[in-house]
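A short write-up of the structure that comes next.
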Amino acid sequence: MLSSDIVENRRGPPGVNSRSLSSAHSAADLEILREIENVYFSSPADFDAARYVLEHAPAPPTCESIEHMFTKLKRQQQVVSGKALHLISQQRDNCDKEFAEIQNIRTQLSLTLQTCRKAREHLRTASNHLTMSTFVILANFRKRQIIRSVLKCLELLRSLRSVENDVTELLNKKDFYSAIELILKSRKAAAAHKEYACITDLSNRLQDTLVLTEEKLDSVLSSLCFKFDKDVFTKLRRAYGLLGKTQAAMEQLHMHYSSAVNESSVAALKKYTGEASIDTKFQDLCASVPSGKAPACVLDLCENLFYIMRSYYLLVDWHSKHDEEPACTNVFDIQKNVSREYIRQKLKAGLLRIWHDVQGKVSIFLKSSGLEDYPFEKFVQILGVLRKLTQIGEVFCGDKSDVLEDFIKTQSVVYIQNYHRGRLEELKLFLENEAWEQCPVKSTFNLLNLQEFKQFKKYLNRSDGVVTKNQSENASSVTSQDDSVYVTKYFKYDSSSSPFDMFRNENTTNDDIFGLEPDMPSDDSEDEPDELKRDFVEENDRHGYATTGNNEALSPSKVRHSVIVANTTLSVLRNCGQYLQICRYLPQTALEVVVLMNQLYDYYFYTVHTFFTSDLDVSSTTLYTTKLTALLKRITNSLENGGSENRHFAGPEQPHHLDLSSESNLHGLSERIVAVESVIFLAKQYEMLQPYLETMVAPHQRLILEHFRDNTLAVVADLRTPVYMCSASKSIDARTALVAMSQVKWDVKNVAVEHSPYVDMVVRKLQVYALRIENISNRVTLNREVLNSIWTVVSKYVIHLLVEGFSNATKCSNGGRGLMQLDYTQLLLKLEKISGLKPVPHQDYVDRYVKAYYLPRKGLEEFVVEHPEYSTKHLVALVSCACENKKDRQALISLIEEKEIPN
């Protein structure tokens with residue numbers, strides 16, 4: 001091998017901190033380590049590496065194979081050596097530290113040994129030279145005791161004179177126990193040394209000092225109601241225990257808490273009422289708060305009361321941690337246990353009493369504040385404050401705040417009803433001024449893209465809009481648990497913060513007002529989707545059309561997905577989002593909120609029907625389904641004779657700017673499409689919310705949701721037929737077509753080979769209609785579903801037109817019947833090609849009618865009875881032409897007239 005190759009292939013172990021090694025080199029070394037057999041890592045005493053290599057030498061042992069094996073083993077040895085060196089270097093600092101520690105310990109041991117040796121030498125010297133007389137020691141000790149007794153008396157007299165100053169100093173340091181102990185010891189000492197004349201006066205002064213000290217203790221005790229300090233309370237508790245007034249102190253503390261609730265409530269209101277008399281009642285103060293300042297006032301009121309509740313909560317928590325000593329059998333300990341149990345019961349009862357006082361103060365204020373007149377934002381804020389207060393109450397004492405929640409519910413229902421009426425007035429104004437133009441939104445747009453529904457994303461599946469299984473079972477409980485954890489955090493720590501701090505943040509919006517839900521990572525986390533602010537695509541892509549390589553827009557029929565919404569549709573959804581926010585704050589009003597949301601949809605649905613079927617000139621017998629008719633009747637009755645919240649609420653007036661008469665735009669077909677499809681889109685969004693709403697209402701109230709879903713949302717697609725028929729019926733002049741059909745001779749003897757001229761006329765009209773639909777597609781996204789709906793209605797109109805024309809024939813031969821079949825077959829083939837419908841719907845309607853001409857007398861009778869979808873005129877014309885026997889013909893006509901089929 002060449003020397004250059006040897007140098008190139010020779011690899012030494014890697015350096016400890018070398019940065020020259022590439023990631024590929026490190027990976028190669030790791031791979032080499034993995035390839036080393038485990039046997040090489042055995043103990044040298046148990047394993048002979050050389051022998052193992054010789055035993056596993058390649059066979060036959062060619063130079064090339066041996067060189068390869070040698071190179072491989074050498075490379076493995078280099079990698080292992082480098083890795084070992086690297087690991088040793090990594091642990092070098094730790095090794096140096098441990099070695100230094102060992103040296104330090106060694107030095108300290110040497111010093112300790114030396115000290116012990118010196119101490120033993122000194123002890124030995126002292127024992128050998130101690131020769132002082134024992135009696136001298138005792139005499140001196142007696143003198144010292146006498147002197148100490150005299151000094152003790154003098155020290156007592158001196159200390160008794162300075163007790164007042166010492167007590168004051170200890171109280172300033174909040175060392176209450178030492179102050180009480182000093183006074184009690186001084187009194188005891190004074191009683192034991194009555195032989196001194198100065199002690200009598202001093203005893204009286206000590207008693208006064210004790211009284212003043214107790215007053216100081218009571219003052220400090222009352223200050224704990226506003227801000228609990230466990231260290232201060234511990235000192236107070238020891239001081240009262242020393243005085244033997246633990247239970248009395250607890251009684252006094254509860255009185256202080258009641259006073260603190262009143263004082264804090266009045267202080268919160270005085271900031272907004274100006275100077276108020278001390279004797280002014282709390283209710284009068286509430287009435288004097290200006291309505292514009294009421295939201296801020298209720299926030300301060302709740303916050304002040306929370307600080308008192310937190311102080312009491314920390315007090316109870318302190319006792320639960322420090323009063324858990326085991327019970328004993330002796331009389332003294334039994335008395336302590338009885339006292340401890342009394343205090344525990346007193347604290348437990350105090351939780352409910354303080355919470356009831358808090359509820360009473362807040363309720364009195366709310367009754368005087370007039371919630372129903374607040375703007376929505378302020379009302380939502382107050383709801384958030386009150387909801388937070390109920391959470392605080394639940395954490396504080398486990399109470400569900402029934403009194404406060406019932407009051408909030410009553411006031412909220414009144415507010416929601418007033419607010420709802422304002423939204424209906426606003427919706428009426430929007431609908432009367434709506435241009436019915438499509439908003440440029442993405443094909444994936446839904447209500448979750450709106451700011452008002454941001455906080456509901458965690459409960460709705462983004463793909464299909466349904467509540468997941470776990471969320472549907474725990475949608476209400478999870479939030480409650482999260483709230484409890486969130487509020488408990490503020491109770492645990494005594495600080496200046498409170499759960500109400502979020503309401504003082506200017507950046508807090510309605511979506512964040514709960515302050516509990518973490519931000520959800522999402523690609524569309526912006527407050528408002530871009531498509532609602534600007535045109536998000538270029539013109540071709542704006543309408544959702546696919547494009548070819550030549551940049552030629554394909555037919556609208558190629559569009560798979562599109563969302564057609566109007567501005568008013570988004571307004572309705574935003575209102576629903578605001579309603580649901582109220583529902584989140586007040587779950588007990590969920591049913592009322594759901595009913596009002598449904599009324600918004602009903603009003604929107606009813607308005608679209610009223611506006612865009614006002615020019616319907618076709619009989620509605622076959623256009624309206626039974627459910628659609630019932631739905632419209634229900635909404636009409638609701639608007640005219642509804643509940644008190646919308647009694648006699650008038651529908652919107654037909655807007656003058658809405659042009660439904662121009663033939664060039666197919667009599668407002670684009671506006672009709674936007675209106676109807678926006679209603680359908682709105683229904684789908686309501687369906688997305690249904691599973692979530694089911695979790696909000698009580699189980700016995702879900703029938704209302706099911707009824708609305710089955711009898712309203714499921715019926716919305718039926719609105720397409722009457723609305724689109726207003727345009728379809730004008731696309732072909734029915735009178736001209738019927739005149740052309742009447743000119744055809746249906747009594748020909750021979751079967752025709754070509755269709756009638758009126759077929760070409762109708763086809764030309766359909767082609768013009770299709771071209772104008774293409775023009776409309778420049779303004780409205782027409783996907784396959786929308787186009788199919790339009791052409792289905794057109795086909796329904798054409799087929800009924802054929803039956804009407806065929807029924808006008810007074811004479812019809814077998815050849816004429818064949819011509820009828822030829823005509824409608826050709827027309828349907830053309831219609832299928834133009835519309836893209838395969839097959840054309842409703843064609844059985846004309847097929848059955850034409851084939852009925854061939855039926856015998858009994859077959860005609862069965863046809864008349866079994867097919868009520870045909871009008872009396874159609875059936876009479878059929879019988880008149882098909883039945884040659886006059887007697888049979890008259891019998892069948894009588895049967896038809898007896899059925900009273902409406903025309």
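To be explicit about the labels: the chains of the structure tokens are called A, B, and onward in the order shown, and within each one the residues are counted from 1, while ligands get numbers from 1 in the order they are shown.
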Practice task
Tell me, as an NGL selection string, which residues lie within 8 Å of region 810-821 of chain A, counting only C-alpha atoms; anything in the same chain fewer than 5 positions away does not count.
Solution key: :A and (745-752 or 755-756 or 847 or 850 or 853 or 877 or 880-882)
Handout entry: Which of region 99-281 of chain A fall in helix (DSSP H, G or I), as a count of residues only
Key = 154
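Candidate residues A:Val794, A:Ile146, A:Ala267, A:Leu389 were compared for distance to Thr721 (chain A), and the nearest is A:Val794, using only C-alpha atoms.
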Problem - Which of A:Tyr692, A:His420, A:Leu366, A:Ala249 sits closest to Lys346 (chain A) [using only C-alpha atoms] - result: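 Looking only at the distances to Lys346 (chain A), the closest residue turns out to be A:Ala249.
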Problem - Selected residue of minimal separation from Val385 (chain A) among A:Lys458, A:Tyr585, A:Lys400, A:Leu315, counting only C-alpha atoms - result: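 Among the listed residues, the smallest separation from Val385 (chain A) belongs to A:Tyr585.
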Exercise for the section: Could you give me, as a ChimeraX atom specification, the residues within 10 Å of Leu895 (chain A), counting only C-alpha atoms and dropping anything in the same chain fewer than 5 positions from it? Expected result: /A:861,864-865,876,889-890,900
Using N, CA and C atoms, can you export the residues from the last selection as a JSON list (two decimals), in the first residue's frame?
```
[["chain", "number", "residue", "atom", "x", "y", "z"],
["A", 861, "GLU", "N", -108.60, 3.75, -14.53],
["A", 861, "GLU", "CA", -109.25, 3.98, -13.24],
["A", 861, "GLU", "C", -108.23, 3.87, -12.10],
["A", 864, "VAL", "N", -105.95, 6.97, -12.14],
["A", 864, "VAL", "CA", -106.60, 8.17, -11.59],
["A", 864, "VAL", "C", -106.59, 8.13, -10.07],
["A", 865, "VAL", "N", -106.80, 6.94, -9.51],
["A", 865, "VAL", "CA", -106.88, 6.81, -8.06],
["A", 865, "VAL", "C", -105.49, 6.88, -7.41],
["A", 876, "VAL", "N", -108.58, 14.78, -16.38],
["A", 876, "VAL", "CA", -109.78, 14.83, -17.25],
["A", 876, "VAL", "C", -109.36, 14.82, -18.71],
["A", 889, "ARG", "N", -115.95, 6.99, -20.10],
["A", 889, "ARG", "CA", -115.31, 8.29, -19.96],
["A", 889, "ARG", "C", -116.03, 9.12, -18.92],
["A", 890, "GLN", "N", -117.36, 9.15, -18.96],
["A", 890, "GLN", "CA", -118.13, 9.93, -17.99],
["A", 890, "GLN", "C", -117.95, 9.38, -16.57],
["A", 900, "GLU", "N", -111.85, 15.65, -5.89],
["A", 900, "GLU", "CA", -111.62, 17.08, -5.61],
["A", 900, "GLU", "C", -110.13, 17.41, -5.53]]
```
Handout entry: Minimum-distance residue to Leu689 (chain A), chosen among A:Gly241, A:Gly577, A:Pro587, A:Pro440 (using only C-alpha atoms)
Key =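 Closest residue, counting only C-alpha atoms: A:Gly577.
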Problem - Nearest residue to Leu878 (chain A) from the set A:Pro44, A:Gly360, A:Pro652, A:Gly805 (distances using only C-alpha atoms) - result: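 Smallest separation from Leu878 (chain A) among the options: A:Gly805.
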Handout entry: Ser288 (chain A) environment, 7 Å, only C-alpha atoms, sequence neighbours closer than 3 positions dropped, as a list of chain:residue names
Key =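 Final neighbour list, sorted by chain and number: A:Thr273, A:Asp284, A:Leu285.
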